[in-house]
Amino acid sequence: MTDVASSPAALAPAFSESMDRLRRSLEYVAIPIFALVVSAALFSLFLLGLGQSPVEFFSLLWRGAFGTSFSLQNTLVRAAPLIFTALCVAIPAQLGLVIIGGEGALVLGGLAAAVVALPLLGAPPIVVLAAMLLASLLAGAVWIGFVGLLRFGRGVNETISSLLMSYIAVSILNFVVEGLLRDPASPNKPSTPSIGEANMVGNVPGIDVHWGLPVGVALCVVLYFLMRRTTFGFAARVTGGNLRAAQGQGLPVGRLIVTAAAIAGACAGLAGFFEVAAIHGKANASLIAGYGFTGILVSFLARHNPLVIPPVALLFGGIAAAGGLVQRRMGLPDATMVVLQGLIFVVLLASETLYGRFKIFGGGR
Amino acid sequence: MEATDLGLWSVPLAMFAGAIRVSTPFLFVSLGECLTEKSGRINLGLEGTLVFGAMTGYAVSYLSGNAWLGVLAAGFAGAAFGMLHAGLCSLPKVNDIAVGIALMLFGVGLAFFFGKAFIQPTAPRLPSISLGEWSDISQVRVALEINPLFFIGIALAVLMWWAFRNTRWGLVVRTTGDSAAAARALGNSVLGVRFVATTVGGFLAGVGGSFLSLYYPGSWNEGLSSGQGLMAVALVIFARWNPLACFLAALLFGAAGALGPALQSIGVSQGYHFFNAAPYVLTLLIMIASSSRTRALRGAPGELSIVK
């Protein structure tokens with residue numbers, strides 16, 4: 001630092017600049033929270049309209065999500081895949097792409113892991129797990145990377161193509177588990193043969209939560225730095241800001257788009273890996289649990305910021321975990337939580353219009 | 001009447017019949033989306049509208065005993081979703097693609113929520129018109145049992161095609177879609193035109209949904225629509241925003257959708273899941289073939305975010 005910078009006269013603008021930045025980041029916290037409160041209020045009206053008690057709903061929601069150590073563990077287990085599928089939305093979003101096919105990449109990542117394990121069943125668990133991990137990363141990366149390739153190479157809209165490919169992924173899963181590799185030992189629920197207890201990913205010592213959660217949080221930090229502190233991330237964000245300008249600067253836009261999409265797909269594939277290797281032990285329709293779709297909402301609520309994804313994923317992991325309890329106790333249909341999520345999504349997007357309107361956050365000029 | 005053994009001929013016949021039956025919801029959703037996109041906005045939420053329309057149509061038909069009342073109610077429910085989409089997108093800084101995704105999830109969620117009570121009961125279904133009386137072959141007669149909505153859809157496609165070219169409101173919609181600034185200069189309300197276009201688009205998608213639950217497959221359950229609404233959106237791009245081309249594309253998609261069941265009916269069950277995936281793969285291939293990296297798409301409304 002030079003002498004000039006530390007003089008009081010030069011510090012004043014620097015101070016007001018950092019205050020401005022603080023105010024603006026406060027806005028990014030305050031408006032999404034406001035949107036959550038409005039959603040809760042609207043959902044309460046919805047419940048009142050049905051003759052149900054909102055107080056009972058939200059207290060059951062709290063109990064089922066965070067109230068007991070069992071429910072908290074359940075919440076954490078559900079938050080893990082949400083972190084990965086949210087990253088699948090957040091990373092391409094830095095480049096201005098809206099990719100919503102995380103569900104498909106998760107399904108195929110899980111399937112790839114389960115299938116690769118089968119011929120290796122006699123091998124040491126570490127070998128089996130490494131192969132499974134690699135297979136699911138690769139499956140996800142290729143699947144969503146292809147979406148990026150279509151986007152850049154052919155100008156195919158990535159939102160539509162990625163969602164279409166999710167339907168194709170589900171068809172592939174059904175084809176494999178109901179026909180090709182169906183386990184004769186599981187007649188009621190078509191599945192691939194089990195990968196074996198020895199090859200499962202264990203729990204984090206001390207809590208009943210598998211390793212997917214810490215890995216997911218670590219991945220968020222790594223990807224945050226990749227997108228904010230590296231040349232790749234900078235180039236990606238320039239591309240997201242203005243594609244033509246990025247091309248004019250000679251940035252390899254095509255490679256950036258495909259790489260970001262592949263990273264995103266690998267994240268969702270990882271979700272599938274942990275679902276198979278830590279929870280189900282095989283691939284079946286349980287992989288189609290909607291994590292890919294909730295992940296979209298998580299990423300939007302986190303404003304596509306990887307560091308904000310884990311707490312938001314925790315919130316929605318809680319909503320998912322409490323679903324069973326709330327619906328059973330109040331006699332509500334299974335889709336209640338989907339309605340709540342959809343409502344939050346709609347209100348959240350409407351709240352976009354509030355940015356820059358309030359003087360308190362440095363806007364409204 | 002005895003079913004005549006048609007051998008392999010039953011496959012093209014079943015695909016023909018399937019094309020007509022399966023294409024109707026595609027047709028309605030794509031016409032609705034075509035209108036919305038012509039006004040310069042994309043509504044990706046029509047999948048949700050379709051499912052909610054299917055549920056509403058079935059529920060109202062069951063409660064009132066009149067299937068046509070169900071169709072109408074489905075249309076109004078769809079219009080409500082269209083209004084919600086248009087209203088949200090009228091706010092500054094709100095993105096139409098993202099709102100579409102949100103409404104897709106919200107619509108499906110609401111449909112499953114309210115639809116749970118209607119999975120069991122049987123509602124009156126839509127009648128069909130028999131055009132196959134001349135034939136002795138029962139399969140042909142079955143294939144020519146055609147739902148009136150199919151004909152309404154064709155009439156609507158022709159009407160829209162004609163109106164876009166020859167009427168004042170067609171011009172207003174097209175101007176709004178091509179250049180908001182030009183539309184404002186002409187004294188039209190951009191947001192107003194888009195509001196009406198999205199609302200009517202939602203109405204049509206809702207009607208398309210009621211066809212699913214009230215005619216073919218003809219019952220309400222949670223697996224009723226699997227991406228038809230989304231495919232119909234993709235189909236509009238392929239049809240280059242031309243309502244008549246939407247009709248032909250819908251027929252093509254209907255035939256693709258009918259391929260799996262048709263093959264299964266003659267005992268080919270191998271690769272059944274892949275034939276079920278055929279419509280999605282076809283949509284993807286068509287999108288790849290009909291998009292372009294460099295050129296703007298011919299006939300694309302200039303204000304449309306997905307082609308800009």
# chains A, B, ... in the order shown; residues from 1 in each chain; ligands from 1

call {"tool": "interface_residues", "arguments": {"of": "chain B", "to": "chain A", "cutoff": "8 Å", "atoms": "only C-alpha atoms", "output": "number ranges by chain"}}
result
B: 88, 91-95, 98-99, 102-103, 105-107, 109-110, 112-113, 116, 226-227, 230-231, 234, 271-274, 276-277, 280-281, 283-284, 287-288, 291-294, 306-307

call {"tool": "write_last_selection", "arguments": {"atoms": "N, CA and C atoms", "output": "compact mmCIF listing (two decimals), in the first residue's frame"}}
result
# COMPACT_ATOMS: atom_id res chain seq x y z
N LEU B 88 -46.55 -12.10 -14.28
CA LEU B 88 -45.22 -12.08 -13.67
C LEU B 88 -44.19 -11.51 -14.64
N LEU B 91 -43.64 -7.74 -15.00
CA LEU B 91 -42.81 -7.01 -14.04
C LEU B 91 -41.41 -6.85 -14.64
N PRO B 92 -40.80 -5.69 -14.44
CA PRO B 92 -39.47 -5.51 -14.98
C PRO B 92 -38.48 -6.50 -14.37
N LYS B 93 -37.51 -6.93 -15.17
CA LYS B 93 -36.40 -7.80 -14.75
C LYS B 93 -36.82 -9.25 -14.52
N VAL B 94 -38.08 -9.60 -14.75
CA VAL B 94 -38.48 -10.98 -14.53
C VAL B 94 -38.34 -11.73 -15.85
N ASN B 95 -37.66 -12.90 -15.78
CA ASN B 95 -37.27 -13.63 -16.98
C ASN B 95 -38.33 -14.66 -17.36
N ALA B 98 -37.35 -18.53 -16.96
CA ALA B 98 -37.33 -18.99 -15.58
C ALA B 98 -38.74 -19.12 -15.02
N VAL B 99 -39.60 -18.15 -15.31
CA VAL B 99 -40.99 -18.22 -14.82
C VAL B 99 -41.67 -19.46 -15.40
N ALA B 102 -40.63 -22.44 -13.41
CA ALA B 102 -41.29 -22.44 -12.10
C ALA B 102 -42.76 -22.86 -12.24
N LEU B 103 -43.43 -22.35 -13.27
CA LEU B 103 -44.86 -22.67 -13.43
C LEU B 103 -45.04 -24.13 -13.86
N LEU B 105 -43.25 -26.63 -12.66
CA LEU B 105 -43.23 -27.38 -11.40
C LEU B 105 -44.49 -27.10 -10.58
N PHE B 106 -44.89 -25.84 -10.53
CA PHE B 106 -46.05 -25.44 -9.74
C PHE B 106 -47.32 -26.08 -10.30
N GLY B 107 -47.48 -26.02 -11.62
CA GLY B 107 -48.68 -26.59 -12.25
C GLY B 107 -48.79 -28.08 -12.02
N GLY B 109 -47.36 -29.76 -9.62
CA GLY B 109 -47.59 -29.98 -8.19
C GLY B 109 -49.05 -29.77 -7.82
N LEU B 110 -49.64 -28.68 -8.29
CA LEU B 110 -51.05 -28.39 -7.99
C LEU B 110 -51.96 -29.47 -8.58
N PHE B 112 -51.28 -32.63 -9.16
CA PHE B 112 -51.18 -33.86 -8.37
C PHE B 112 -51.87 -33.67 -7.02
N PHE B 113 -51.76 -32.45 -6.48
CA PHE B 113 -52.35 -32.16 -5.17
C PHE B 113 -53.86 -32.31 -5.23
N LYS B 116 -55.51 -35.95 -6.61
CA LYS B 116 -55.42 -37.23 -5.92
C LYS B 116 -56.79 -37.88 -5.74
N SER B 226 -46.02 -37.05 -20.01
CA SER B 226 -44.59 -37.14 -19.72
C SER B 226 -43.88 -36.32 -20.78
N GLY B 227 -43.96 -35.04 -20.63
CA GLY B 227 -43.19 -34.17 -21.49
C GLY B 227 -43.87 -33.73 -22.77
N LEU B 230 -43.71 -30.02 -23.10
CA LEU B 230 -42.36 -29.56 -23.44
C LEU B 230 -42.06 -29.82 -24.91
N MET B 231 -42.42 -31.03 -25.37
CA MET B 231 -42.16 -31.36 -26.78
C MET B 231 -42.91 -30.42 -27.70
N ALA B 234 -40.95 -27.37 -28.23
CA ALA B 234 -39.86 -27.59 -29.17
C ALA B 234 -40.39 -27.66 -30.60
N GLY B 271 -37.01 -53.83 -26.60
CA GLY B 271 -36.68 -52.42 -26.74
C GLY B 271 -37.89 -51.51 -26.58
N TYR B 272 -38.86 -52.00 -25.82
CA TYR B 272 -40.09 -51.24 -25.60
C TYR B 272 -39.79 -49.85 -25.04
N HIS B 273 -38.82 -49.81 -24.12
CA HIS B 273 -38.49 -48.52 -23.51
C HIS B 273 -37.89 -47.55 -24.51
N PHE B 274 -37.18 -48.13 -25.49
CA PHE B 274 -36.59 -47.23 -26.47
C PHE B 274 -37.65 -46.67 -27.40
N ASN B 276 -40.60 -46.06 -26.40
CA ASN B 276 -41.23 -45.02 -25.59
C ASN B 276 -40.41 -43.75 -25.58
N ALA B 277 -39.09 -43.91 -25.73
CA ALA B 277 -38.22 -42.74 -25.75
C ALA B 277 -38.22 -42.09 -27.12
N TYR B 280 -39.03 -38.35 -27.60
CA TYR B 280 -38.03 -37.42 -27.06
C TYR B 280 -36.82 -37.36 -27.97
N VAL B 281 -36.39 -38.55 -28.42
CA VAL B 281 -35.22 -38.59 -29.30
C VAL B 281 -35.54 -37.85 -30.59
N THR B 283 -37.68 -35.44 -31.01
CA THR B 283 -37.70 -34.00 -30.74
C THR B 283 -36.29 -33.44 -30.72
N LEU B 284 -35.41 -34.17 -30.03
CA LEU B 284 -34.04 -33.69 -29.92
C LEU B 284 -33.38 -33.63 -31.30
N MET B 287 -34.69 -30.77 -33.20
CA MET B 287 -34.13 -29.49 -32.72
C MET B 287 -32.72 -29.30 -33.26
N ILE B 288 -31.95 -30.40 -33.27
CA ILE B 288 -30.58 -30.30 -33.77
C ILE B 288 -30.60 -29.93 -35.25
N SER B 291 -32.05 -26.18 -35.88
CA SER B 291 -31.42 -24.99 -35.33
C SER B 291 -30.18 -24.66 -36.15
N SER B 292 -29.64 -23.50 -35.90
CA SER B 292 -28.43 -23.13 -36.62
C SER B 292 -27.54 -22.32 -35.71
N ARG B 293 -26.24 -22.54 -35.86
CA ARG B 293 -25.30 -21.87 -34.99
C ARG B 293 -25.20 -20.38 -35.33
N THR B 294 -25.24 -20.08 -36.61
CA THR B 294 -24.95 -18.71 -37.01
C THR B 294 -26.17 -17.92 -37.46
N ILE B 306 -35.34 -17.03 -26.75
CA ILE B 306 -34.59 -18.27 -27.02
C ILE B 306 -33.87 -18.23 -28.36
N VAL B 307 -34.23 -17.33 -29.25
CA VAL B 307 -33.53 -17.33 -30.54
C VAL B 307 -32.63 -16.11 -30.69

call {"tool": "residues_around", "arguments": {"residues": "Leu212 of chain B", "least_positions_apart": "2", "cutoff": "10 Å", "atoms": "only C-alpha atoms", "output": "list in words"}}
result
Arg21, Val22, Thr24, Pro25, Leu50, Val51, Gly53, Ala54, Met55, Gly57, Tyr58, Val207, Gly208, Gly209, Ser210, Leu214, Tyr215, Tyr216, Pro217, Gly218, Ser219, Trp220, Leu224 and Ser225 of chain B

call {"tool": "write_last_selection", "arguments": {"atoms": "C-alpha atoms", "output": "JSON list (two decimals), in the first residue's frame"}}
result
[["chain", "number", "residue", "atom", "x", "y", "z"],
["B", 21, "ARG", "CA", -55.23, -39.58, -31.34],
["B", 22, "VAL", "CA", -51.85, -38.72, -29.88],
["B", 24, "THR", "CA", -54.36, -33.68, -30.64],
["B", 25, "PRO", "CA", -52.79, -32.52, -27.36],
["B", 50, "LEU", "CA", -51.24, -29.35, -19.77],
["B", 51, "VAL", "CA", -51.17, -31.54, -16.66],
["B", 53, "GLY", "CA", -55.75, -28.90, -17.57],
["B", 54, "ALA", "CA", -55.94, -32.69, -17.71],
["B", 55, "MET", "CA", -56.75, -32.86, -14.01],
["B", 57, "GLY", "CA", -61.00, -31.43, -17.16],
["B", 58, "TYR", "CA", -61.33, -34.84, -15.56],
["B", 207, "VAL", "CA", -57.84, -27.81, -23.60],
["B", 208, "GLY", "CA", -55.01, -30.02, -24.91],
["B", 209, "GLY", "CA", -54.63, -31.39, -21.40],
["B", 210, "SER", "CA", -58.32, -32.22, -21.10],
["B", 214, "LEU", "CA", -61.05, -37.24, -21.25],
["B", 215, "TYR", "CA", -60.32, -39.05, -24.49],
["B", 216, "TYR", "CA", -56.95, -40.65, -24.94],
["B", 217, "PRO", "CA", -55.54, -42.27, -22.79],
["B", 218, "GLY", "CA", -58.82, -41.23, -21.17],
["B", 219, "SER", "CA", -58.22, -41.34, -17.45],
["B", 220, "TRP", "CA", -56.49, -39.19, -14.89],
["B", 224, "LEU", "CA", -50.52, -38.99, -17.75],
["B", 225, "SER", "CA", -48.25, -36.50, -19.42]]

call {"tool": "residues_around", "arguments": {"residues": "Val209 of chain A", "least_positions_apart": "2", "cutoff": "10 Å", "atoms": "only C-alpha atoms", "output": "list of chain:residue names"}}
result
A:Leu72, A:Gln73, A:Asn74, A:Thr75, A:Leu76, A:Val77, A:Arg78, A:Ala80, A:Gly202, A:Asn203, A:Val204, A:Pro205, A:Gly206, A:Ile207, A:Trp211, A:Gly212, A:Leu213, A:Pro214, A:Ala278

call {"tool": "write_last_selection", "arguments": {"atoms": "C-alpha atoms", "output": "PDB file, in the first residue's frame"}}
result
ATOM      1  CA  LEU A  72     -31.959 -33.564  11.117  1.00  0.00           C
ATOM      2  CA  GLN A  73     -29.981 -36.525   9.805  1.00  0.00           C
ATOM      3  CA  ASN A  74     -32.743 -37.265   7.334  1.00  0.00           C
ATOM      4  CA  THR A  75     -32.578 -33.625   6.229  1.00  0.00           C
ATOM      5  CA  LEU A  76     -28.811 -33.736   5.790  1.00  0.00           C
ATOM      6  CA  VAL A  77     -29.029 -36.940   3.748  1.00  0.00           C
ATOM      7  CA  ARG A  78     -31.507 -35.238   1.414  1.00  0.00           C
ATOM      8  CA  ALA A  80     -26.489 -33.799  -0.192  1.00  0.00           C
ATOM      9  CA  GLY A 202     -19.927 -45.286   4.738  1.00  0.00           C
ATOM     10  CA  ASN A 203     -21.094 -42.522   7.017  1.00  0.00           C
ATOM     11  CA  VAL A 204     -19.155 -39.559   8.299  1.00  0.00           C
ATOM     12  CA  PRO A 205     -17.857 -40.589  11.760  1.00  0.00           C
ATOM     13  CA  GLY A 206     -20.122 -39.344  14.520  1.00  0.00           C
ATOM     14  CA  ILE A 207     -23.252 -38.666  12.467  1.00  0.00           C
ATOM     15  CA  TRP A 211     -19.838 -38.643   2.780  1.00  0.00           C
ATOM     16  CA  GLY A 212     -21.807 -36.987   0.008  1.00  0.00           C
ATOM     17  CA  LEU A 213     -22.608 -34.036   2.246  1.00  0.00           C
ATOM     18  CA  PRO A 214     -19.037 -32.949   3.144  1.00  0.00           C
ATOM     19  CA  ALA A 278     -24.302 -44.631  -0.035  1.00  0.00           C
TER      20      ALA A 278
END

call {"tool": "select_by_dssp", "arguments": {"residues": "segment 86-287 of chain B", "states": "helix (DSSP H, G or I)", "output": "PyMOL selection string"}}
result
chain B and resi 86-90+96-118+138-143+148-166+168-178+180-185+190-214+228-238+243-265+272-287

call {"tool": "residues_around", "arguments": {"residues": "segment 310-316 of chain A", "least_positions_apart": "2", "cutoff": "6 Å", "atoms": "only C-alpha atoms", "output": "mmCIF file with N, CA and C atoms, in the first residue's frame"}}
result
data_model
loop_
_atom_site.group_PDB
_atom_site.id
_atom_site.type_symbol
_atom_site.label_atom_id
_atom_site.label_comp_id
_atom_site.auth_asym_id
_atom_site.auth_seq_id
_atom_site.Cartn_x
_atom_site.Cartn_y
_atom_site.Cartn_z
ATOM 1 N N ALA A 79 -30.159 -33.236 1.740
ATOM 2 C CA ALA A 79 -29.522 -32.010 1.274
ATOM 3 C C ALA A 79 -28.357 -32.327 0.344
ATOM 4 N N LEU A 82 -29.093 -32.480 -3.287
ATOM 5 C CA LEU A 82 -29.561 -31.162 -3.733
ATOM 6 C C LEU A 82 -28.388 -30.218 -3.984
ATOM 7 N N ILE A 83 -27.335 -30.346 -3.171
ATOM 8 C CA ILE A 83 -26.148 -29.505 -3.396
ATOM 9 C C ILE A 83 -25.595 -29.778 -4.787
ATOM 10 N N VAL A 298 -33.123 -24.580 -5.741
ATOM 11 C CA VAL A 298 -32.051 -24.275 -4.786
ATOM 12 C C VAL A 298 -31.056 -23.305 -5.417
ATOM 13 N N VAL A 308 -23.544 -20.175 -1.402
ATOM 14 C CA VAL A 308 -24.845 -20.044 -0.735
ATOM 15 C C VAL A 308 -25.671 -21.326 -0.913
ATOM 16 N N GLY A 318 -34.686 -30.176 4.211
ATOM 17 C CA GLY A 318 -35.609 -30.236 5.339
ATOM 18 C C GLY A 318 -37.048 -30.365 4.880
ATOM 19 N N ILE A 319 -37.412 -29.584 3.873
ATOM 20 C CA ILE A 319 -38.783 -29.654 3.353
ATOM 21 C C ILE A 319 -39.064 -31.056 2.825
#

call {"tool": "residues_around", "arguments": {"residues": "segment 155-171 of chain B", "least_positions_apart": "3", "cutoff": "9 Å", "atoms": "only C-alpha atoms", "output": "list in words"}}
result
Leu27, Phe28, Leu31, Leu35, Phe150, Phe151, Ile152, Arg174, Thr175, Thr176, Asn242, Pro243, Leu244, Ala245, Cys246 and Phe247 of chain B

call {"tool": "residues_around", "arguments": {"residues": "segment 321-326 of chain A", "least_positions_apart": "4", "cutoff": "6 Å", "atoms": "only C-alpha atoms", "output": "list in words"}}
result
Leu60, Leu61, Gly64, Ala65, Asn74, Thr75 and Met330 of chain A

call {"tool": "select_by_dssp", "arguments": {"residues": "segment 20-179 of chain B", "states": "strand (DSSP E or B)", "output": "list in words"}}
result
Ile129, Ser130, Glu145 and Ile146 of chain B

call {"tool": "write_last_selection", "arguments": {"atoms": "N, CA and C atoms", "output": "JSON list (two decimals), in the first residue's frame"}}
result
[["chain", "number", "residue", "atom", "x", "y", "z"],
["B", 129, "ILE", "N", -66.39, -39.27, -33.20],
["B", 129, "ILE", "CA", -67.16, -39.33, -34.44],
["B", 129, "ILE", "C", -66.68, -40.54, -35.22],
["B", 130, "SER", "N", -67.62, -41.39, -35.65],
["B", 130, "SER", "CA", -67.22, -42.59, -36.39],
["B", 130, "SER", "C", -67.19, -42.30, -37.87],
["B", 145, "GLU", "N", -62.33, -43.78, -35.53],
["B", 145, "GLU", "CA", -63.10, -43.12, -34.47],
["B", 145, "GLU", "C", -62.32, -41.87, -34.08],
["B", 146, "ILE", "N", -62.78, -40.73, -34.53],
["B", 146, "ILE", "CA", -61.97, -39.52, -34.34],
["B", 146, "ILE", "C", -62.69, -38.53, -33.44]]

call {"tool": "closest_residue", "arguments": {"among": "B:Ala197, B:Met15, B:Ile137, B:Ala232", "to": "Ala79 of chain B", "atoms": "only C-alpha atoms"}}
result
B:Ala197

call {"tool": "closest_residue", "arguments": {"among": "A:Asn199, A:Gln52, A:Pro187, A:Leu108", "to": "Leu121 of chain A", "atoms": "only C-alpha atoms"}}
result
A:Asn199

call {"tool": "residues_around", "arguments": {"residues": "segment 180-192 of chain B", "least_positions_apart": "3", "cutoff": "10 Å", "atoms": "only C-alpha atoms", "output": "list of chain:residue names"}}
result
B:Ser39, B:Gly40, B:Ala86, B:Gly87, B:Cys89, B:Ser90, B:Leu91, B:Leu171, B:Val172, B:Val173, B:Arg174, B:Thr175, B:Thr176, B:Gly177, B:Phe195, B:Val196, B:Ala197, B:Thr198, B:Gly302, B:Glu303

call {"tool": "closest_residue", "arguments": {"among": "A:Leu22, A:Ala302, A:Leu95, A:Ile279", "to": "Asp208 of chain A", "atoms": "only C-alpha atoms"}}
result
A:Ile279

call {"tool": "atom_distance", "arguments": {"atom1": "atom CA of Phe76 of chain B", "atom2": "atom CA of Phe203 of chain B"}}
result
5.8 Å

call {"tool": "decode", "arguments": {"residues": "segment 312-363 of chain A", "atoms": "C-alpha atoms", "output": "mmCIF file, in the first residue's frame"}}
result
data_model
loop_
_atom_site.group_PDB
_atom_site.id
_atom_site.type_symbol
_atom_site.label_atom_id
_atom_site.label_comp_id
_atom_site.auth_asym_id
_atom_site.auth_seq_id
_atom_site.Cartn_x
_atom_site.Cartn_y
_atom_site.Cartn_z
ATOM 1 C CA VAL A 312 -30.361 -23.359 0.807
ATOM 2 C CA ALA A 313 -29.984 -27.075 0.059
ATOM 3 C CA LEU A 314 -30.325 -27.700 3.786
ATOM 4 C CA LEU A 315 -33.617 -25.794 3.826
ATOM 5 C CA PHE A 316 -35.048 -27.789 0.931
ATOM 6 C CA GLY A 317 -33.572 -31.021 2.235
ATOM 7 C CA GLY A 318 -35.609 -30.236 5.339
ATOM 8 C CA ILE A 319 -38.783 -29.654 3.353
ATOM 9 C CA ALA A 320 -38.257 -32.972 1.575
ATOM 10 C CA ALA A 321 -37.481 -34.811 4.809
ATOM 11 C CA ALA A 322 -40.529 -33.432 6.590
ATOM 12 C CA GLY A 323 -42.826 -34.277 3.669
ATOM 13 C CA GLY A 324 -43.753 -37.733 4.917
ATOM 14 C CA LEU A 325 -44.560 -36.645 8.469
ATOM 15 C CA VAL A 326 -46.536 -33.551 7.475
ATOM 16 C CA GLN A 327 -48.560 -35.333 4.827
ATOM 17 C CA ARG A 328 -49.346 -38.314 7.059
ATOM 18 C CA ARG A 329 -50.325 -36.295 10.101
ATOM 19 C CA MET A 330 -52.458 -33.786 8.240
ATOM 20 C CA GLY A 331 -53.846 -36.168 5.648
ATOM 21 C CA LEU A 332 -52.484 -34.073 2.794
ATOM 22 C CA PRO A 333 -51.594 -35.516 -0.627
ATOM 23 C CA ASP A 334 -47.973 -36.416 -1.470
ATOM 24 C CA ALA A 335 -47.698 -33.456 -3.794
ATOM 25 C CA THR A 336 -48.089 -30.912 -0.970
ATOM 26 C CA MET A 337 -44.378 -30.252 -0.784
ATOM 27 C CA VAL A 338 -44.162 -29.891 -4.568
ATOM 28 C CA VAL A 339 -46.869 -27.220 -4.377
ATOM 29 C CA LEU A 340 -44.919 -25.429 -1.647
ATOM 30 C CA GLN A 341 -41.715 -25.601 -3.693
ATOM 31 C CA GLY A 342 -43.453 -24.426 -6.848
ATOM 32 C CA LEU A 343 -44.994 -21.530 -4.966
ATOM 33 C CA ILE A 344 -41.612 -20.521 -3.529
ATOM 34 C CA PHE A 345 -40.122 -20.685 -7.021
ATOM 35 C CA VAL A 346 -42.832 -18.483 -8.523
ATOM 36 C CA VAL A 347 -42.667 -15.890 -5.725
ATOM 37 C CA LEU A 348 -38.875 -15.894 -5.828
ATOM 38 C CA LEU A 349 -38.820 -15.109 -9.548
ATOM 39 C CA ALA A 350 -41.407 -12.369 -9.082
ATOM 40 C CA SER A 351 -39.161 -10.871 -6.384
ATOM 41 C CA GLU A 352 -36.455 -10.321 -9.028
ATOM 42 C CA THR A 353 -38.311 -7.163 -9.886
ATOM 43 C CA LEU A 354 -37.522 -5.689 -6.450
ATOM 44 C CA TYR A 355 -33.769 -5.437 -6.975
ATOM 45 C CA GLY A 356 -32.421 -1.907 -7.168
ATOM 46 C CA ARG A 357 -35.668 -0.376 -5.957
ATOM 47 C CA PHE A 358 -34.823 0.335 -2.346
ATOM 48 C CA LYS A 359 -32.706 3.254 -1.195
ATOM 49 C CA ILE A 360 -31.605 1.349 1.879
ATOM 50 C CA PHE A 361 -29.699 -1.103 -0.354
ATOM 51 C CA GLY A 362 -28.120 1.670 -2.410
ATOM 52 C CA GLY A 363 -30.713 1.487 -5.170
#
